Each structure stands twice: as C-alpha cells, then as structure tokens.
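Take a look at the structure below.
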2 protein chains.
Amino acid sequence: MSPEEFRRHGHAAIDWIADYWASLDELPVRAQVAPGDVRRQLPASAPETPEPFDAVLADLDRIVVPGLTHWQHPRFFAYFPANSSPAAILGDLISSGIGAQGMIWATSPAVTEVEQVVLDWFAEALGLPEAFRSDGPGGGVIQDTASTATFTALLAALHRASGGEARVSGVGDVGWRVYGSTQAHSSLVKAAMMAGLGEEAVHAVAIDPETQAMDVDALRDAIVEDVEAGLRPVMVHVAAGSTSTGAMDDIAAAAEVVREWGVWLHVDAAWAGVAAVCPEHREHLAGVEAADSFVTNPHKWLLTTFDCSTFWVRDRAALTGALSILPEYLRNAATESGEVVDYRDWHPQLGRRFRAIKLWTVLRTYGLEGVRAHVRSGVALAERVADLVAADDRFEMVTDPALSLVVFRLTSGDEQTLAAMEAVNASGEAYLSHTTVNGRAAIRLAVGSWRTTEADVDRTWAALQEAAAVQG
Amino acid sequence: MSPEEFRRHGHAAIDWIADYWASLDELPVRAQVAPGDVRRQLPASAPETPEPFDAVLADLDRIVVPGLTHWQHPRFFAYFPANSSPAAILGDLISSGIGAQGMIWATSPAVTEVEQVVLDWFAEALGLPEAFRSDGPGGGVIQDTASTATFTALLAALHRASGGEARVSGVGDVGWRVYGSTQAHSSLVKAAMMAGLGEEAVHAVAIDPETQAMDVDALRDAIVEDVEAGLRPVMVHVAAGSTSTGAMDDIAAAAEVVREWGVWLHVDAAWAGVAAVCPEHREHLAGVEAADSFVTNPHKWLLTTFDCSTFWVRDRAALTGALSILPEYLRNAATESGEVVDYRDWHPQLGRRFRAIKLWTVLRTYGLEGVRAHVRSGVALAERVADLVAADDRFEMVTDPALSLVVFRLTSGDEQTLAAMEAVNASGEAYLSHTTVNGRAAIRLAVGSWRTTEADVDRTWAALQEAAAVQG
C-alpha cells in the first residue's frame, strides 16, 4: 500500500466506521447468528495473491457485521459498556502509526513519560490520593484489563508478604489466603489460580444481602480464623462496584481490618471508579487513601477504546520487585541511572504499545467538563430506568440503582424475568444481561454509551413492558 | 465529536500518520531526549474545558515526536522489528470502530469465528501441524505478547502435570521444574515467577557455544538429575530463534527427550516463526509436530501492528482446564451447547478486542505471495550485511546470520564494539542494539521493516565503518 493508497484507504476506513455508527440504530443489537454461521462464509485458506482493501471492507459488511453483537449500539445495556469514542479511536490510530514499543523508557521515552503524566492527570481528576502520583514512591500504569491489574496486585502483595521470597523460590505451601466477597469479580479467583495459589486460596467473604456489599465483620472473622489455623492472609480485594449489582464494599472499613495484619488492600473499581471524575460520585471510593492498589477502566464507561485499564500502586517497589527482569539486551544507561521508570516491570508482558495517547486524547478533547457531563448523563438515564421500574407494578427493583446500573426483575418470578429479557434480546431492539441476586434471577441494565438517549431508554422499556405482558 | 467532525479529524489523523512516515527518513532514529524532557513540556493537570483535536496533533509534533525512538524508521535495526503496516493499521482501526468484546462467543460471535479461521489460515501458511487447527482438539488464539503465551503454556503444562490439582490447591511445594537454554527469553523466568514457581524453578540448560543453541544432551542430563532428586519436570521451552543471536534449538531432539517424561514442550518462535510462510525458511521448525504449544508474533516481522502474538496448542483442554471460570452473568446457551469456543479461557484476561481483523487484513491485502516477498527481502538484506561484515577486516561475524538477524563485532574488542554502536545510535543515523555472546560484546542488526532498502543498509554500514575508524 503506497502512501497515496494509505491515505485513500485510510479515509475509506474512517468513513466505513462513520457509516457503521450511523447504521447502528437500525441494526439488531444482538447478533442473529448460530455457531458456525460466520465461519462457513470464509474461505478455508489465506489467498495466495493480494486482494484489494475494498474487498475486506465489503466482507466486513457482508459477513462480519451480521455476526456482531453491537457493543457501540445506543441500546446496548448488557454487562458493562465498552465505550469507544471518536477521540479515543483517533488517538489509538495515531499510536498504531507511531508503532513504538515502550517496554522500557529507553526504547521510546515519550511512550513512558506521556503515560506517567496522563496517569497523574487522571489520578487527580478522580480525587485519588497523592500517594498514587508518579512523583513519590507510587505511580500509575495502563494495564490491558482489570483482570491483569488484579493479578499484578496479587503478585506485588505476595512479594511484599514473602519478603521477596516468592519470586525466588515460589509461593510454596505456606497457606497464602486471598479475600474477596462472594460478589468479587471472577478475575480474583483466576488471579489466585494463575499465581499458583489455587482457587481454594480464595476465601469468599459473606455479604450483606440488602446492599450486596462485603460484610466487613465477616472479613475480620475470616482473617482471624485463618491466622489461627496457621494460614497467611496476603491480599484483600474490595469491589467499588460489583459486576452483578454495582455493590460498593466499604473500603475504609476493610482498610481498618487489613491494617492489623499488614495485608495488601486492592480496590477493584473497574467499572465504577471512573465516576469519581464527578465530585458528587466519589462516595464509593471513601477510604481509598488506605489502598495499596487501585484499578479502574476508562475502556468501560469513560469513552476510551479498549484496552485501557488504569492501575495505581502506593509503593511501586513491591510491584517491580515481583516482576523485574533485566536481560543483557535491555541494559541501558537511563535504567541504571534510576531516573526513569521501565514499565516492563509493572505488568506481565514485555512489549507494550503507546496506549496513553488515547486516554490523553479523550481527556483533552472532552475536557474534564466533558467527561463529567458524560458520567452524569449515564447516571441520569439510570435514574430514569429506576423511575420506570417503580411506576410499573409488574416490575420491581432488586437493589438500589448504582450509578448507571439498574437491577430489577418481574415480580411474577425467575422464569418470567429471564424469558422477558430473552424476548427483548432476541428481538434485537435492545440487549440486556442477567444476574442472580440472593438466589433469584434479575435483569441488569447498564447505561454508559455516549450514544444512548432518553428515547433509547424509553424504547427499551417499552420492549420490556411488551415482553412482560406476554409473560404475564 | 459529531459524525462530520469524526470524518474530518479522522482524515486528518490518517494524513498525520502518512506525513509522519514520510518524515521518518529525515528524523534521528533514536530519541534525542534526556529523562524528564517530554514530561516537563506537559501541563500538570488535565484541561477543564475541551481542546480541539488539532491541538493534540500539534503537541504530537511538538512534544511527542522528538521524544520517540522511531520503531517504524527504515534504519531501525535494534531488538526485533515491531512492524506496523498500512493494512494492519486500517484493520485495527476498524476494530476500534466496531468496539466489540470477544470474551466469549456469545458476546459477539464474529470476533471469535474470524479469529479461529484466520489462525487456521496462518497455521496452514506456516506449515504447522494439523493438530493445531481448530477443527480438532487443539486450536489457535491471539495473545497480546509471547510473554503471555509462554506464561499461558506454563499454566496449561502445570494443569496437565498436576492432573488438575494446580488450579484447585495451587502449585505447592512439590518441586516443579522448567527448562530452557541459557539463551531462552527472559519471559520464561518471568512466567515461572508469576506462576508461583519462582526463578529457582527454571533450570538453565547449557548451550553449544558455536551455534548458541540448547545442548539437548545437557537437557536430558538435567531432567534425569532433577527426577532423581525428586523434582518434577513440567515444561521444556525451546527457542526457534533466540533473542540474542537467533539461535535455533533443535525442536525434534528436545521432543525426543520430553517424550520419556511426558513433559510439556513449548516452542517460542516469537520472532523467527513467521519466516515459515516461506517453504525454504521452515527448517528451524522441524519437529514442531511434537510440540504441545507454539507461539510466533506477526507483530514483530510480519507487518501486523502490535499486539498480535499467535499461539497454538495441541490440546486446548489443558489450556481451558487451567484458566476456565464461568460467573453467572456469562452463562449462555451457546457455551453450554459445547459448540463454540470461549476465548476468555485461553488467556489471563477476560476482555478482548477484535484483534483478528488486523491479521486478516494483512494476509488478504498482501496475500501469501506478498508476505513471503517481505520475509525474503529481510533475509536478503541481512545477507547483504553479512557480506559487508566479511569484506571489512575491522569487523567479524559472531554467529552465522539467522534469517534477518546479523550479529557481529569489531575485532579490536568489546569496548570498541560498544563505542562504535553507541556512536551510530547517538548520531541518529541508524539504531542498533547489543548483546553478549560467550562473554563478549556484540552488535545485533535485525532487519524487518517494510521500509528498509539496500540503501538503508548501506548507509548504516557506512556509519558503522566511520565509527570503527574512530575507534581504531
């Protein structure tokens, strides 16, 4: 592809995206395909000779788009949003064009320094503690996902708790224990599995059935009991916004408990953390100044195209202690001077792209005013849903609305609740997902796209009402 | 950003990249900045009010570009290439626009099915065994980096060797051992650290000083000795192309050794594996049909913008056994039918973007003919470098050229070798990296960019000759 062809096809790709977005409102949100439908339309082998780029675009329209569930659709309300904004897309496009590797400072200094600055900006915007800023012993880094951040936090916790022994001789058989509520994200168990502790190392702490938040007294009891049994508590995971219902664990109360035993406190605010750009939506982070690590994902609600999971630690020495490696070919004067940060030692991967550009572009082109307005719009739309639920006797709220997440059900029962949701999903009108709360089925409606309007919420609600009428 | 603004700024971003690329030849390859130079030009806080996208582009030119080491520069010969082609960039741009999550089949079916097909295409193009294809018990997946692939392979190996116990109760204290040559990539040690085995679990196997490849007799001795000592061999890592010199471990010979003990064989061909698109460059993969897992990175030499690390396993049950989790909110009929693959269980992360589009776009718009021509051009340019080295008495080859990698030194000594390299790097004319081979310093020159021409090689050689003259 010559420079001229790149310009031409590049403009066509941009236009393809703009056209795709313009078509979203008319497309069924959920893919209407069965297993194998996409696959069988594709040839069995790669072509021998070059095909025009336009042929790829045509196949995207013909084969790929019908096989997509459209996460950027204005009526996508399932799981959590994975919001991709124009600003982030263009920022990331530039990153692809630059194509630099930021594994260490020396391999392309701007990759590291822009990331440090943008993470400082973002920490300040969220009201996070000074300790997380890069000018002290802590600092921030962009991880791919919150799963990786939680895993990384656990490795740092093990490093600290073992006095550096874990990286040398392994986690051994000493009975490390990790704590999270029964509503903690599944990545906590996966982290324990990957770190060599096993699923059984995760002590699932009871919740308050009303708020779905961790019962901190039960956490204390669990730790006491484990310590008495000769086990070694290493990390407590608290959720500032659970996946199921957006439940907010009490960070400050958990911090008091962990302080006694010197246990690492990891705050997983993957979805809800970004709401703290609004001063009135920071309550769920109260106590975060006591956290050892904190993660929130701009790639969910905050307009920054996947992947962009922002992760901070209070003491980067534990992190780099757990993960540092220095092969000969990466030795360099800047690293040896101690004046720079080498992000390779902050995550499992070695290679890393220039992900900070997309977050930089979002924060600059929206401004803090703009991202706050976006968050407030999501919260307001969720409140509208909650009002609609309250106004219809066939429905009831399951938990209080959490920021932009609403969890509700049909009063008639689990089967009816799931059938109504499936009817809406199958129609393509909107897309919702389900959960189980205190043993009963519930529908989750998570707002967050920058495209979603009141009209989208109302259309979705009308579809749910229609489905409820059928279910009786 | 309205749809019209997105089109306008999108075209501007494409043009920015085309202009950046056009300027590369005039830019110093290595960044000419000191620690903090980029950082101090950026404001301390995010802006309150929106800034125009053009302001971001202007700051890229003014602040970021001077702080970059230009990995896409035609005279970037350090480390390994991280080649970003027009085709891949546009494919990945489309992926950002679609913004779909492929954590499970059900969350956007085309994301999974296109990836399966493209990995099958690529396996066939590389001449990989049938066992890696998705229509049997194995299959392929795109990982972010080879580090993650190696880590994932180790988790699968531990799952198999422990009969499923590792994920449940941890790796314990049973003395797991992992083997790689002294030239194995540092990610092997990092994988052992992350998996809870510790650095000490890695048995570094001696090499043949001539070829720098693993001494397979020493591997056998190491395993025998460890087994006799009551330790438990779990994985052997062989490098099909080491980072230092491109040394090729003998996969078939290693396979014979591991067969006796039922140890997992992981082939790390991160850089050199893609060369197998050319039938004449498959010799280094001889024996790969016995491998349990194999990784190669299209994001290095093969034109596919980072991140795209293609990873295959012979038996996906070991992989998903080690990594599967199924929270309520991701339960769905397709998964329960067993008819689909859920890639969430193939890697550490949960979320995943539609990375297959970029590899699909590369394979289609270059065609297999095109990617073969690209590989052959890199090999030919490396041969040209080797000829230039041979023709100048002040230089000598350290090892035989390995595909597109040439390792050489000044005959006058280590200090002179490193000083000559640093002089070239500091001049900005070209960028090379160093290594140590049998205790002596050497210069690595890795070709691989689609922009690099004979003239670029010759200019770089002239700069090296000039530096050598100064060093004497």
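Convention: chains lettered A, B, ... in structure tokens order; per-chain residue numbering from 1; ligands numbered from 1 as shown.
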Using only C-alpha atoms, which chain A residues lie at most 6 Å away from chain B, written as a ChimeraX atom specification? /A:10-11,14,17,39,45-52,64,67-69,71,84,89,96-97,99-100,108-110,113,121,147,167-173,193-200,329,349,364-369,434-435
Would you pick out the contacts of Phe395 of chain B at 9 Å or less, using only C-alpha atoms, so that residues sharing its chain but fewer than 6 positions from it are not included, and give the list as a ChimeraX atom specification? /B:389,408-412,468
Please, could you write that set of residues out with N, CA, C and O atoms as a PDB file, in the first residue's frame?
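Everything below was put into part-v2.pdb:
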ATOM      1  N   VAL B 389      30.143  -7.211   6.371  1.00  0.00           N
ATOM      2  CA  VAL B 389      30.985  -7.538   7.528  1.00  0.00           C
ATOM      3  C   VAL B 389      32.200  -8.348   7.073  1.00  0.00           C
ATOM      4  O   VAL B 389      33.344  -8.063   7.448  1.00  0.00           O
ATOM      5  N   PHE B 408      27.525  -9.292  14.913  1.00  0.00           N
ATOM      6  CA  PHE B 408      28.928  -9.091  14.549  1.00  0.00           C
ATOM      7  C   PHE B 408      29.603  -8.199  15.582  1.00  0.00           C
ATOM      8  O   PHE B 408      28.965  -7.684  16.490  1.00  0.00           O
ATOM      9  N   ARG B 409      30.902  -8.017  15.418  1.00  0.00           N
ATOM     10  CA  ARG B 409      31.621  -7.157  16.363  1.00  0.00           C
ATOM     11  C   ARG B 409      32.858  -6.571  15.689  1.00  0.00           C
ATOM     12  O   ARG B 409      33.240  -6.977  14.594  1.00  0.00           O
ATOM     13  N   LEU B 410      33.445  -5.634  16.377  1.00  0.00           N
ATOM     14  CA  LEU B 410      34.752  -5.148  15.948  1.00  0.00           C
ATOM     15  C   LEU B 410      35.806  -6.121  16.481  1.00  0.00           C
ATOM     16  O   LEU B 410      35.709  -6.570  17.632  1.00  0.00           O
ATOM     17  N   THR B 411      36.769  -6.422  15.662  1.00  0.00           N
ATOM     18  CA  THR B 411      37.801  -7.356  16.111  1.00  0.00           C
ATOM     19  C   THR B 411      38.660  -6.747  17.208  1.00  0.00           C
ATOM     20  O   THR B 411      39.298  -7.467  17.981  1.00  0.00           O
ATOM     21  N   SER B 412      38.627  -5.402  17.313  1.00  0.00           N
ATOM     22  CA  SER B 412      39.524  -4.737  18.263  1.00  0.00           C
ATOM     23  C   SER B 412      39.104  -4.914  19.728  1.00  0.00           C
ATOM     24  O   SER B 412      39.908  -4.671  20.618  1.00  0.00           O
ATOM     25  N   ALA B 468      33.931   2.820  13.353  1.00  0.00           N
ATOM     26  CA  ALA B 468      35.033   1.879  13.563  1.00  0.00           C
ATOM     27  C   ALA B 468      36.371   2.571  13.327  1.00  0.00           C
ATOM     28  O   ALA B 468      37.358   2.313  14.030  1.00  0.00           O
TER      29      ALA B 468
END
Set the distance at 7 Å and use only C-alpha atoms: which residues neighbour segment 451-461 of chain A once local chain neighbours fewer than 3 positions away are removed? I'd like the list as a PyMOL selection string. chain A and resi 74-75+381+429-430+464-465
Among segment 167-225 of chain B, which ones does DSSP assign to alpha helix (DSSP H) (computed from the backbone)? Answer as a PyMOL selection string. chain B and resi 167-169+186-194+216-225
Could those residues be written to a file, using N, CA, C and O atoms, as a compact mmCIF listing (two decimals), in the first residue's frame?
# COMPACT_ATOMS: atom_id res chain seq x y z
N ARG B 167 -4.80 -25.87 39.70
CA ARG B 167 -5.78 -24.77 39.72
C ARG B 167 -6.61 -24.79 40.99
O ARG B 167 -7.15 -23.76 41.41
N VAL B 168 -6.73 -25.94 41.60
CA VAL B 168 -7.56 -26.06 42.80
C VAL B 168 -6.78 -25.69 44.06
O VAL B 168 -7.17 -24.79 44.80
N SER B 169 -5.66 -26.37 44.27
CA SER B 169 -4.97 -26.17 45.55
C SER B 169 -3.60 -25.53 45.39
O SER B 169 -2.85 -25.44 46.36
N SER B 186 13.79 -13.95 28.48
CA SER B 186 13.60 -13.63 29.89
C SER B 186 12.16 -13.88 30.34
O SER B 186 11.90 -14.03 31.54
N SER B 187 11.24 -13.94 29.39
CA SER B 187 9.84 -14.18 29.77
C SER B 187 9.64 -15.57 30.35
O SER B 187 8.64 -15.82 31.02
N LEU B 188 10.58 -16.48 30.13
CA LEU B 188 10.45 -17.81 30.73
C LEU B 188 10.62 -17.72 32.25
O LEU B 188 9.82 -18.27 33.01
N VAL B 189 11.64 -16.99 32.66
CA VAL B 189 11.85 -16.81 34.10
C VAL B 189 10.69 -16.01 34.69
O VAL B 189 10.17 -16.33 35.76
N LYS B 190 10.23 -14.99 33.96
CA LYS B 190 9.11 -14.19 34.46
C LYS B 190 7.86 -15.06 34.59
O LYS B 190 7.10 -14.92 35.56
N ALA B 191 7.66 -15.96 33.64
CA ALA B 191 6.49 -16.86 33.71
C ALA B 191 6.58 -17.74 34.96
O ALA B 191 5.58 -17.94 35.66
N ALA B 192 7.75 -18.26 35.23
CA ALA B 192 7.92 -19.11 36.42
C ALA B 192 7.67 -18.31 37.70
O ALA B 192 7.06 -18.81 38.66
N MET B 193 8.12 -17.05 37.70
CA MET B 193 7.87 -16.18 38.85
C MET B 193 6.37 -15.94 39.02
O MET B 193 5.82 -16.04 40.12
N MET B 194 5.69 -15.62 37.92
CA MET B 194 4.27 -15.28 38.00
C MET B 194 3.41 -16.49 38.35
O MET B 194 2.38 -16.35 39.00
N VAL B 216 21.10 -30.45 23.79
CA VAL B 216 19.98 -31.31 24.15
C VAL B 216 20.43 -32.47 25.05
O VAL B 216 19.66 -32.96 25.87
N ASP B 217 21.70 -32.85 24.93
CA ASP B 217 22.21 -33.86 25.87
C ASP B 217 22.21 -33.29 27.29
O ASP B 217 21.88 -33.98 28.26
N ALA B 218 22.57 -32.03 27.38
CA ALA B 218 22.56 -31.39 28.70
C ALA B 218 21.13 -31.29 29.24
O ALA B 218 20.89 -31.39 30.45
N LEU B 219 20.16 -31.09 28.33
CA LEU B 219 18.75 -31.07 28.74
C LEU B 219 18.37 -32.43 29.35
O LEU B 219 17.78 -32.51 30.42
N ARG B 220 18.76 -33.50 28.62
CA ARG B 220 18.43 -34.84 29.12
C ARG B 220 19.06 -35.07 30.49
O ARG B 220 18.40 -35.51 31.42
N ASP B 221 20.33 -34.70 30.62
CA ASP B 221 21.02 -34.88 31.90
C ASP B 221 20.33 -34.09 33.01
O ASP B 221 20.19 -34.57 34.14
N ALA B 222 19.91 -32.89 32.67
CA ALA B 222 19.27 -32.04 33.68
C ALA B 222 17.98 -32.68 34.17
O ALA B 222 17.71 -32.71 35.39
N ILE B 223 17.20 -33.19 33.24
CA ILE B 223 15.92 -33.80 33.64
C ILE B 223 16.18 -35.06 34.48
O ILE B 223 15.55 -35.25 35.52
N VAL B 224 17.10 -35.88 34.02
CA VAL B 224 17.41 -37.11 34.77
C VAL B 224 17.85 -36.76 36.19
O VAL B 224 17.35 -37.33 37.17
N GLU B 225 18.73 -35.80 36.28
CA GLU B 225 19.26 -35.39 37.59
C GLU B 225 18.13 -34.86 38.49
O GLU B 225 18.04 -35.21 39.67
